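To keep things clear, I will list the structure first and then write my remarks on it.
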Amino acid sequence: MWSFSHIANEMHEWLSKTFNPTLTLIIEMVIAGVAVIGLFAGLGLVLVIMERKVSAWMQIRLGPNRVGPKGMLQSLADTVKLLVKEGLTPDGADKFLFNLAPFIAMIVAMLLMAPIAFARDFQLWDMNIGVLYVSAVSSIMVISILIAGWSSNNKYSLMGAMRSGAQIVSYELSAGLSVLAIVVLTGSLQVSDIIQSQKDGWWIFKGHIPVIIAFVTFIIAVTAETNRAPFDLAEAESELTAGFHTEYSGMKFALFFLAEYVNVFIVCAIGATLFLGGWMPFHIGNWTDFNHVMDYIPSSIWFFGKTFFLIFVIMWFRWTFPRLRIDQLLNLEWKYLLPISMINLVVVTAMAILKWHF
Amino acid sequence: MYRQTEIINDASQNPSLGGSGETGDLIINVGPQHPATHGVLHLVITLNGETIKKVEPHLGFIHRSIEKMCESLSYRQFIYVTSRMDYLSSHINNHACALCVEKGLQVEIPPRAQVIRVLMDELTRIASHELWWGAMAMDLGAFTPFFHAFRERESINDIMEETCGARLTMNYIVPGGVMQDLHPNFQNKVKAFMQLYKRKIHEYDELVTGNIIFQNRMKNIGYLSPEDAISYGCSGPTARGSGVSCDIRKIYPYEIYDKLEFDEVLETAGDSFARYMIRIREMQQSIRIIEQLIDNIPEGDFQAKTKAVLKLPKGDFYSRVETARGELGVYIVSEGGTTPYRIKFRSPGFSNLSVLDHIARGSKLGDLVAMMGTLDLVIPDIDR
């Protein structure tokens with residue numbers, strides 16, 4: 001059957017036959033890099049138009065509808081505009097750091113794509129510490145925000161950056177703990193192992209209430225980690241104009257903007273992988289006929305379907321809730337989410353040892 | 001122009017300019033162009049981390065010297081300038097001016113004109129509170145309610161457009177009555193609006209009022225005691241949220257308000273949430289007033305007979321009305337000519353803004369925006 005892994009294998013065989021092993025490896029790396037950049041840009045475009053359409057639908061209006069069929073090319077047009085726009089660097093800014101920050105944001109977003117399994121056997125790098133890698137690399141994101149806020153020489157930016165620093169560092173804890181719940185159940189940090197462990201049912205169904213609690217904690221924590229409303233204090237429009245990227249314009253702003261959306265995609269992909277089985281089709285125990293029918297749906301559709309569902313949920317949050325205040329935000333994490341996820345992790349560990357899950 | 005810039009650069013060292021002289025104070029300019037101020041208001045905020053130590057409003061960015069302009073306009077003309085003060089309740093501004101001129105002229109207003117004026121006043125009040133509700137939610141970071149509020153406000157604007165010919169600056173009132181008769185569709189459209197409103201009002205509570213994040217942001221924030229509300233000269237929903245009874249429609253009834261059944265909405269908590277609930281409940285009282293009047297518009301003239309050129313007798317005249325934001329007073333000093341010698345407007349926004357520093361001290365920066373929202377500031381009303 002046609003699939004992504006099929007194409008990848010064909011390509012690898014042909015390259016191995018044609019070139020020597022070193023050159024093959026180099027060419028494959030270049031192809032992978034180009035694919036990641038393409039995916040980065042493509043996801044940005046798709047998610048921006050999706051956000052605008054979702055918000056329009058929730059706000060009883062039409063949304064973009066002029067450029068292309070049903071306005072679908074609007075974000076492409078916006079990107080072109082941002083590309084040709086002058087990228088100003090303010091006078092008092094630290095020029096080197098100011099220009100470095102958006103690239104760090106972008107590089108982090110790209111690095112995070114490595115361990116994600118987009119379809120069956122279609123993964124850039126199935127390292128044995130996959131989940132740990134994700135939480136490690138995603139914490140670099142805060143550095144780019146801090147650099148951007150500090151180097152802009154703007155009080156609004158600085159406040160946005162400081163808020164964001166406090167927020168991301170705090171919420172990483174409960175995001176990490178809820179990820180650990182699945183790692184404990186699976187016994188592996190490797191993404192492919194985690195997906196394989198869900199072949200007779202996704203963790204959210206197999207793991208009883210503790211895993212559901214972990215899932216809800218995870219969604220709240222990653223919403224905060226990606227600076228999305230109701231936790232968008234870093235760029236709180238009505239308070240700090242645009243927070244840490246107030247001074248950015250043109251393509252440098254666009255890189256922050258794209259990185260935010262790609263980060264949303266990545267955290268949702270991680271959530272879908274850990275709790276909803278990644279590319280694994282919907283299987284129920286030993287109903288072989290039912291499982292067989294489900295297998296006919298391509299694995300990439302399963303993966304992107306789950307991921308986009310989670311993205312929709314996060315967008316739904318954004319267009320429904322008011323913003324929290326900074327002290328309420330930190331209270332929520334340190335007084336509620338963190339204790340809950342700690343106790344939850346203990347419960348999950350007990351469950352894993354006693355084999356109480358399905 | 002940038003007189004302020006110098007002040008701000010060394011304000012942190014200068015106690016007389018707001019700084020405490022301590023290191024660690026951050027002085028930040030909110031406005032004149034800022035999404036939170038809903039207009040060109042400039043706030044100089046002294047912060048310690050996220051905590052507010054002092055808020056200093058700088059006014060005058062949209063000062064158009066309306067009071068001075070009115071001195072060279074005739075008593076028919078000056079009413080229309082006042083639409084541009086508090087543009088969200090422009091009809092009520094016109095009403096206040098017309099009442100003052102009528103007091104001087106000693107004319108009797110036909111009952112039909114009185115009912116039309118009150119109906120339009122209450123529609124304007126609902127429209128103004130709708131917009132405030134949307135903007136309030138937007139200040140707290142929720143964007144969707146803004147569009148939901150505009151859906152209902154739009155149908156009020158349509159009613160206004162049909163009868164007055166304008167959607168925002170209605171200019172419908174003339175001394176002695178209203179400019180023209182109601183549009184034949186008026187009653188049907190108002191009834192349709194009230195049906196729509198009653199069908200949708202529960203969405204307001206579901207989307208915003210009942211939201212736990214919203215309540216946490218609003219409750220016990222920005223406390224204003226009744227004594228402070230009185231001494232700062234607050235009026236309207238801002239004062240009523242602290243339990244100060246100050247509804248001009250009840251205390252000094254004008255037109256037919258004394259014959260109508262409605263409650264003065266009062267809350268005693270004095271916090272942001274109380275001020276929020278006042279406006280939400282006030283909209284329902286306005287609906288109640290409209291319900292009483294819409295089927296009972298008396299027949300007759302819509303305008304009293306007045307001379308072509310109005311002359312007020314020598315003396316001074318004062319009238320006050322309840323706008324959507326509070327008490328609007330109009331004070332005219334006449335020398336007996338065709339134009340006023342001096343006009344003074346007592347606008348509700350100015351006094352309500354002055355309380356901002358008092359209620360904001362000690363709270364977080366994010367709450368400042370919410371408090372400004374609950375004061376319902378319209379900047380052209382403050383500057384005039």
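A note on labels: chains of the structure tokens are A, B, ... as shown, every chain counts residues from 1, and ligands are counted from 1 in their shown order.
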
Test item: residues at most 9 Å from Val265 (chain B), only C-alpha atoms, excluding those fewer than 4 positions along its chain, as a list of chain:residue names: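 What passes the distance filter is B:Pro237, B:Arg240, B:Gly241, B:Ser245, B:Asp247, B:Ile278, B:Arg279, B:Arg281, B:Glu282, B:Gln285.
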
Pull the strand (DSSP E or B) assignments for region 23-137 of chain A out of DSSP run on the backbone, and list those residues as a ChimeraX atom specification. /A:117-119,122-123

File of the preceding selection, N, CA and C atoms, as a PDB file, in the first residue's frame:
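again-v2.pdb, freshly written:
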ATOM      1  N   ALA A 117       6.636  11.149  15.006  1.00  0.00           N
ATOM      2  CA  ALA A 117       6.296  10.161  13.977  1.00  0.00           C
ATOM      3  C   ALA A 117       5.065  10.642  13.236  1.00  0.00           C
ATOM      4  N   PHE A 118       5.273  11.046  11.967  1.00  0.00           N
ATOM      5  CA  PHE A 118       4.162  11.630  11.221  1.00  0.00           C
ATOM      6  C   PHE A 118       3.255  10.556  10.635  1.00  0.00           C
ATOM      7  N   ALA A 119       3.804   9.363  10.434  1.00  0.00           N
ATOM      8  CA  ALA A 119       3.004   8.262   9.901  1.00  0.00           C
ATOM      9  C   ALA A 119       3.706   6.967  10.304  1.00  0.00           C
ATOM     10  N   PHE A 122       7.528   6.555   9.707  1.00  0.00           N
ATOM     11  CA  PHE A 122       7.963   7.754   9.013  1.00  0.00           C
ATOM     12  C   PHE A 122       8.327   8.782  10.067  1.00  0.00           C
ATOM     13  N   GLN A 123       9.634   8.826  10.354  1.00  0.00           N
ATOM     14  CA  GLN A 123      10.105   9.618  11.469  1.00  0.00           C
ATOM     15  C   GLN A 123      11.516  10.036  11.138  1.00  0.00           C
TER      16      GLN A 123
END

Neighbours of chain B in chain A at 10 Å, counting only C-alpha atoms, as a ChimeraX atom specification: /A:55-56,58-61,154-156,159,162-163,229-233,236-242,317-328

Alpha helix (DSSP H) call set, DSSP backbone run, region 118-203 of chain B, as a ChimeraX atom specification: /B:118-139,144-164,186-203

Given the selection you just returned, output its residues as a file containing C-alpha atoms, formatted as a PDB file, in the first residue's frame.
ATOM      1  CA  VAL B 118     -36.956  58.759  26.589  1.00  0.00           C
ATOM      2  CA  LEU B 119     -37.270  55.782  24.245  1.00  0.00           C
ATOM      3  CA  MET B 120     -34.215  56.928  22.317  1.00  0.00           C
ATOM      4  CA  ASP B 121     -32.327  57.606  25.541  1.00  0.00           C
ATOM      5  CA  GLU B 122     -32.865  54.072  26.730  1.00  0.00           C
ATOM      6  CA  LEU B 123     -31.960  52.568  23.362  1.00  0.00           C
ATOM      7  CA  THR B 124     -28.779  54.627  23.424  1.00  0.00           C
ATOM      8  CA  ARG B 125     -28.048  53.426  26.945  1.00  0.00           C
ATOM      9  CA  ILE B 126     -28.420  49.804  25.877  1.00  0.00           C
ATOM     10  CA  ALA B 127     -26.214  50.373  22.831  1.00  0.00           C
ATOM     11  CA  SER B 128     -23.568  52.038  24.961  1.00  0.00           C
ATOM     12  CA  HIS B 129     -23.590  49.284  27.569  1.00  0.00           C
ATOM     13  CA  GLU B 130     -23.422  46.648  24.825  1.00  0.00           C
ATOM     14  CA  LEU B 131     -20.277  48.198  23.446  1.00  0.00           C
ATOM     15  CA  TRP B 132     -18.841  48.546  26.931  1.00  0.00           C
ATOM     16  CA  TRP B 133     -19.546  44.878  27.625  1.00  0.00           C
ATOM     17  CA  GLY B 134     -17.673  43.803  24.511  1.00  0.00           C
ATOM     18  CA  ALA B 135     -14.764  46.130  25.213  1.00  0.00           C
ATOM     19  CA  MET B 136     -14.651  45.040  28.847  1.00  0.00           C
ATOM     20  CA  ALA B 137     -14.236  41.415  27.849  1.00  0.00           C
ATOM     21  CA  MET B 138     -11.621  42.461  25.315  1.00  0.00           C
ATOM     22  CA  ASP B 139      -9.658  44.261  28.019  1.00  0.00           C
ATOM     23  CA  THR B 144     -15.262  36.832  21.013  1.00  0.00           C
ATOM     24  CA  PRO B 145     -17.756  38.700  23.264  1.00  0.00           C
ATOM     25  CA  PHE B 146     -16.997  41.908  21.369  1.00  0.00           C
ATOM     26  CA  PHE B 147     -18.565  40.520  18.230  1.00  0.00           C
ATOM     27  CA  HIS B 148     -21.523  39.078  20.095  1.00  0.00           C
ATOM     28  CA  ALA B 149     -22.166  42.476  21.657  1.00  0.00           C
ATOM     29  CA  PHE B 150     -21.981  44.160  18.284  1.00  0.00           C
ATOM     30  CA  ARG B 151     -24.600  41.821  16.877  1.00  0.00           C
ATOM     31  CA  GLU B 152     -27.224  43.274  19.237  1.00  0.00           C
ATOM     32  CA  ARG B 153     -25.845  46.797  19.048  1.00  0.00           C
ATOM     33  CA  GLU B 154     -26.135  46.673  15.282  1.00  0.00           C
ATOM     34  CA  SER B 155     -29.907  46.325  15.423  1.00  0.00           C
ATOM     35  CA  ILE B 156     -30.129  49.386  17.689  1.00  0.00           C
ATOM     36  CA  ASN B 157     -27.985  51.286  15.237  1.00  0.00           C
ATOM     37  CA  ASP B 158     -30.349  50.256  12.448  1.00  0.00           C
ATOM     38  CA  ILE B 159     -33.288  51.642  14.409  1.00  0.00           C
ATOM     39  CA  MET B 160     -31.397  54.888  14.960  1.00  0.00           C
ATOM     40  CA  GLU B 161     -30.418  55.117  11.323  1.00  0.00           C
ATOM     41  CA  GLU B 162     -33.994  54.756  10.161  1.00  0.00           C
ATOM     42  CA  THR B 163     -35.456  57.379  12.486  1.00  0.00           C
ATOM     43  CA  CYS B 164     -32.616  59.835  13.029  1.00  0.00           C
ATOM     44  CA  PHE B 186     -39.967  52.129  14.544  1.00  0.00           C
ATOM     45  CA  GLN B 187     -42.271  50.155  16.818  1.00  0.00           C
ATOM     46  CA  ASN B 188     -41.879  46.891  14.920  1.00  0.00           C
ATOM     47  CA  LYS B 189     -38.135  47.218  14.811  1.00  0.00           C
ATOM     48  CA  VAL B 190     -37.830  47.976  18.507  1.00  0.00           C
ATOM     49  CA  LYS B 191     -40.018  44.980  19.336  1.00  0.00           C
ATOM     50  CA  ALA B 192     -37.910  42.787  17.094  1.00  0.00           C
ATOM     51  CA  PHE B 193     -34.806  44.078  18.827  1.00  0.00           C
ATOM     52  CA  MET B 194     -36.221  43.302  22.259  1.00  0.00           C
ATOM     53  CA  GLN B 195     -37.064  39.771  21.177  1.00  0.00           C
ATOM     54  CA  LEU B 196     -33.538  39.290  19.847  1.00  0.00           C
ATOM     55  CA  TYR B 197     -32.087  40.729  23.025  1.00  0.00           C
ATOM     56  CA  LYS B 198     -34.102  38.448  25.291  1.00  0.00           C
ATOM     57  CA  ARG B 199     -33.182  35.447  23.201  1.00  0.00           C
ATOM     58  CA  LYS B 200     -29.459  36.233  23.359  1.00  0.00           C
ATOM     59  CA  ILE B 201     -29.001  37.684  26.837  1.00  0.00           C
ATOM     60  CA  HIS B 202     -28.219  34.297  28.379  1.00  0.00           C
ATOM     61  CA  GLU B 203     -25.152  34.073  26.120  1.00  0.00           C
TER      62      GLU B 203
END

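Proximity to Val321 (chain B) at 6 Å, evaluated using only C-alpha atoms and with sequence-adjacent residues fewer than 2 positions away removed, yields B:Ala96, B:Ile248, B:Glu327, B:Leu328.
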
Generate the output file for the selected residues, C-alpha atoms, as a tab-separated table (two decimals), in the first residue's frame.
chain	number	residue	atom	x	y	z
B	96	ALA	CA	-29.20	67.41	28.39
B	248	ILE	CA	-30.58	61.29	38.14
B	327	GLU	CA	-24.33	62.40	35.53
B	328	LEU	CA	-23.95	64.91	32.72

One decimal, in Å: what's the spacing between CA of Gln284 (chain B) and CA of Glu267 (chain B)?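 Taking CA of Gln284 (chain B) as the start and CA of Glu267 (chain B) as the end point, the length is 15.0 Å.
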
Excluding region 131-148 of chain A and any residue of its chain fewer than 2 positions from it, enumerate the residues within 8 Å of it, using only C-alpha atoms, and give them as a PyMOL selection string. chain A and resi 97-98+101-102+104-105+108-109+111-112+115+129+150-152+157-158+161-162+164-165+168-169+172+176+179+189-191+244-245

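If you count only C-alpha atoms and ignore residues fewer than 5 places along the chain from Ser65 (chain B), what sits within 12 Å of it is B:Gly60, B:Cys70, B:Glu71, B:Ser72, B:Val81, B:Thr82, B:Arg84, B:Met85, B:Ile343, B:Lys344, B:Phe345, B:Pro380, B:Asp381, B:Ile382, B:Asp383, B:Arg384.
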
Let me see the file: selected residues, N, CA and C atoms, as an mmCIF file, in the first residue's frame.
data_model
loop_
_atom_site.group_PDB
_atom_site.id
_atom_site.type_symbol
_atom_site.label_atom_id
_atom_site.label_comp_id
_atom_site.auth_asym_id
_atom_site.auth_seq_id
_atom_site.Cartn_x
_atom_site.Cartn_y
_atom_site.Cartn_z
ATOM 1 N N GLY B 60 -5.927 65.664 27.507
ATOM 2 C CA GLY B 60 -5.819 66.768 26.565
ATOM 3 C C GLY B 60 -5.456 66.374 25.156
ATOM 4 N N CYS B 70 -18.922 76.354 21.675
ATOM 5 C CA CYS B 70 -20.347 76.546 21.897
ATOM 6 C C CYS B 70 -20.686 78.017 22.116
ATOM 7 N N GLU B 71 -19.708 78.803 22.592
ATOM 8 C CA GLU B 71 -19.993 80.213 22.872
ATOM 9 C C GLU B 71 -20.263 81.000 21.606
ATOM 10 N N SER B 72 -19.824 80.500 20.474
ATOM 11 C CA SER B 72 -20.070 81.241 19.234
ATOM 12 C C SER B 72 -21.128 80.560 18.373
ATOM 13 N N VAL B 81 -22.854 69.923 18.520
ATOM 14 C CA VAL B 81 -21.438 69.744 18.843
ATOM 15 C C VAL B 81 -21.293 68.742 19.983
ATOM 16 N N THR B 82 -22.284 68.740 20.888
ATOM 17 C CA THR B 82 -22.150 67.896 22.066
ATOM 18 C C THR B 82 -22.296 66.416 21.749
ATOM 19 N N ARG B 84 -20.401 64.986 19.953
ATOM 20 C CA ARG B 84 -19.010 64.537 19.818
ATOM 21 C C ARG B 84 -18.303 64.449 21.157
ATOM 22 N N MET B 85 -19.002 64.745 22.231
ATOM 23 C CA MET B 85 -18.343 64.578 23.533
ATOM 24 C C MET B 85 -18.301 63.111 23.911
ATOM 25 N N ILE B 343 -20.499 78.258 28.552
ATOM 26 C CA ILE B 343 -21.101 76.939 28.756
ATOM 27 C C ILE B 343 -20.111 76.063 29.496
ATOM 28 N N LYS B 344 -20.623 75.333 30.445
ATOM 29 C CA LYS B 344 -19.743 74.379 31.146
ATOM 30 C C LYS B 344 -20.444 73.024 31.153
ATOM 31 N N PHE B 345 -19.707 72.012 30.754
ATOM 32 C CA PHE B 345 -20.257 70.660 30.831
ATOM 33 C C PHE B 345 -19.606 69.943 32.003
ATOM 34 N N PRO B 380 -13.064 61.240 24.552
ATOM 35 C CA PRO B 380 -13.578 62.550 24.127
ATOM 36 C C PRO B 380 -14.523 63.169 25.151
ATOM 37 N N ASP B 381 -15.132 62.350 25.985
ATOM 38 C CA ASP B 381 -16.000 62.859 27.037
ATOM 39 C C ASP B 381 -15.171 63.500 28.152
ATOM 40 N N ILE B 382 -13.970 62.963 28.359
ATOM 41 C CA ILE B 382 -13.110 63.487 29.420
ATOM 42 C C ILE B 382 -12.462 64.794 28.972
ATOM 43 N N ASP B 383 -11.991 64.818 27.739
ATOM 44 C CA ASP B 383 -11.258 65.993 27.266
ATOM 45 C C ASP B 383 -12.172 67.099 26.751
ATOM 46 N N ARG B 384 -13.184 66.745 26.049
ATOM 47 C CA ARG B 384 -14.149 67.670 25.449
ATOM 48 C C ARG B 384 -13.553 68.661 24.471
#

Contacts of Val330 (chain B) at 12 Å (only C-alpha atoms; same-chain gap of 2+ positions) as a ChimeraX atom specification: /B:67,70,78-79,82,92-101,103,316-322,327-328,332-333,340,342-348

Any chance you could export the current selection's N, CA and C atoms as a compact mmCIF listing (two decimals), in the first residue's frame?
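The resulting file, selection.txt, is reproduced below:
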# COMPACT_ATOMS: atom_id res chain seq x y z
N GLU B 67 -16.42 73.54 24.72
CA GLU B 67 -17.10 74.56 25.52
C GLU B 67 -16.91 75.94 24.89
N CYS B 70 -18.92 76.35 21.67
CA CYS B 70 -20.35 76.55 21.90
C CYS B 70 -20.69 78.02 22.12
N PHE B 78 -25.55 74.60 18.98
CA PHE B 78 -24.52 74.06 19.87
C PHE B 78 -24.84 72.65 20.33
N ILE B 79 -26.13 72.29 20.24
CA ILE B 79 -26.52 70.95 20.67
C ILE B 79 -25.78 69.87 19.87
N THR B 82 -22.28 68.74 20.89
CA THR B 82 -22.15 67.90 22.07
C THR B 82 -22.30 66.42 21.75
N ILE B 92 -28.13 61.24 24.47
CA ILE B 92 -28.39 61.69 25.84
C ILE B 92 -27.70 63.03 26.08
N ASN B 93 -26.52 63.23 25.48
CA ASN B 93 -25.87 64.55 25.58
C ASN B 93 -26.77 65.63 24.99
N ASN B 94 -27.30 65.35 23.79
CA ASN B 94 -28.18 66.32 23.14
C ASN B 94 -29.37 66.61 24.03
N HIS B 95 -29.85 65.57 24.66
CA HIS B 95 -31.01 65.70 25.52
C HIS B 95 -30.72 66.68 26.66
N ALA B 96 -29.55 66.54 27.27
CA ALA B 96 -29.20 67.41 28.39
C ALA B 96 -29.17 68.87 27.95
N CYS B 97 -28.57 69.11 26.78
CA CYS B 97 -28.46 70.49 26.28
C CYS B 97 -29.85 71.05 25.97
N ALA B 98 -30.67 70.22 25.32
CA ALA B 98 -32.01 70.69 24.96
C ALA B 98 -32.80 71.02 26.22
N LEU B 99 -32.66 70.20 27.25
CA LEU B 99 -33.38 70.45 28.50
C LEU B 99 -32.97 71.81 29.08
N CYS B 100 -31.69 72.13 28.99
CA CYS B 100 -31.20 73.37 29.57
C CYS B 100 -31.76 74.57 28.80
N VAL B 101 -31.74 74.45 27.47
CA VAL B 101 -32.27 75.54 26.65
C VAL B 101 -33.76 75.70 26.89
N LYS B 103 -35.36 75.00 29.54
CA LYS B 103 -35.57 75.60 30.85
C LYS B 103 -35.55 77.12 30.73
N ASP B 316 -28.57 82.26 34.54
CA ASP B 316 -27.87 81.00 34.30
C ASP B 316 -28.81 79.81 34.52
N PHE B 317 -28.57 78.80 33.74
CA PHE B 317 -29.47 77.65 33.70
C PHE B 317 -28.65 76.38 33.82
N TYR B 318 -29.20 75.43 34.55
CA TYR B 318 -28.48 74.16 34.74
C TYR B 318 -29.44 73.01 34.53
N SER B 319 -28.99 72.00 33.82
CA SER B 319 -29.80 70.79 33.69
C SER B 319 -28.88 69.60 33.83
N ARG B 320 -29.45 68.51 34.28
CA ARG B 320 -28.62 67.31 34.42
C ARG B 320 -29.42 66.10 33.97
N VAL B 321 -28.70 65.17 33.36
CA VAL B 321 -29.33 63.91 32.94
C VAL B 321 -28.42 62.76 33.32
N GLU B 322 -28.97 61.58 33.25
CA GLU B 322 -28.19 60.38 33.51
C GLU B 322 -27.78 59.80 32.15
N GLU B 327 -23.58 61.16 35.56
CA GLU B 327 -24.33 62.40 35.53
C GLU B 327 -23.67 63.40 34.58
N LEU B 328 -24.44 63.86 33.60
CA LEU B 328 -23.95 64.91 32.72
C LEU B 328 -24.69 66.19 33.08
N ILE B 332 -25.42 76.80 31.52
CA ILE B 332 -25.38 77.87 30.53
C ILE B 332 -25.50 79.20 31.25
N VAL B 333 -24.59 80.11 30.95
CA VAL B 333 -24.72 81.49 31.42
C VAL B 333 -25.14 82.32 30.22
N PRO B 340 -24.75 81.54 23.86
CA PRO B 340 -24.46 81.52 25.29
C PRO B 340 -23.20 82.32 25.60
N ARG B 342 -21.33 81.66 28.33
CA ARG B 342 -20.38 80.65 28.78
C ARG B 342 -21.15 79.34 28.93
N ILE B 343 -20.50 78.26 28.55
CA ILE B 343 -21.10 76.94 28.76
C ILE B 343 -20.11 76.06 29.50
N LYS B 344 -20.62 75.33 30.44
CA LYS B 344 -19.74 74.38 31.15
C LYS B 344 -20.44 73.02 31.15
N PHE B 345 -19.71 72.01 30.75
CA PHE B 345 -20.26 70.66 30.83
C PHE B 345 -19.61 69.94 32.00
N ARG B 346 -20.42 69.31 32.81
CA ARG B 346 -19.89 68.47 33.88
C ARG B 346 -19.98 67.04 33.35
N SER B 347 -18.86 66.53 32.86
CA SER B 347 -18.96 65.23 32.20
C SER B 347 -18.64 64.12 33.19
N PRO B 348 -19.35 63.02 33.10
CA PRO B 348 -19.15 61.93 34.07
C PRO B 348 -17.78 61.30 33.96
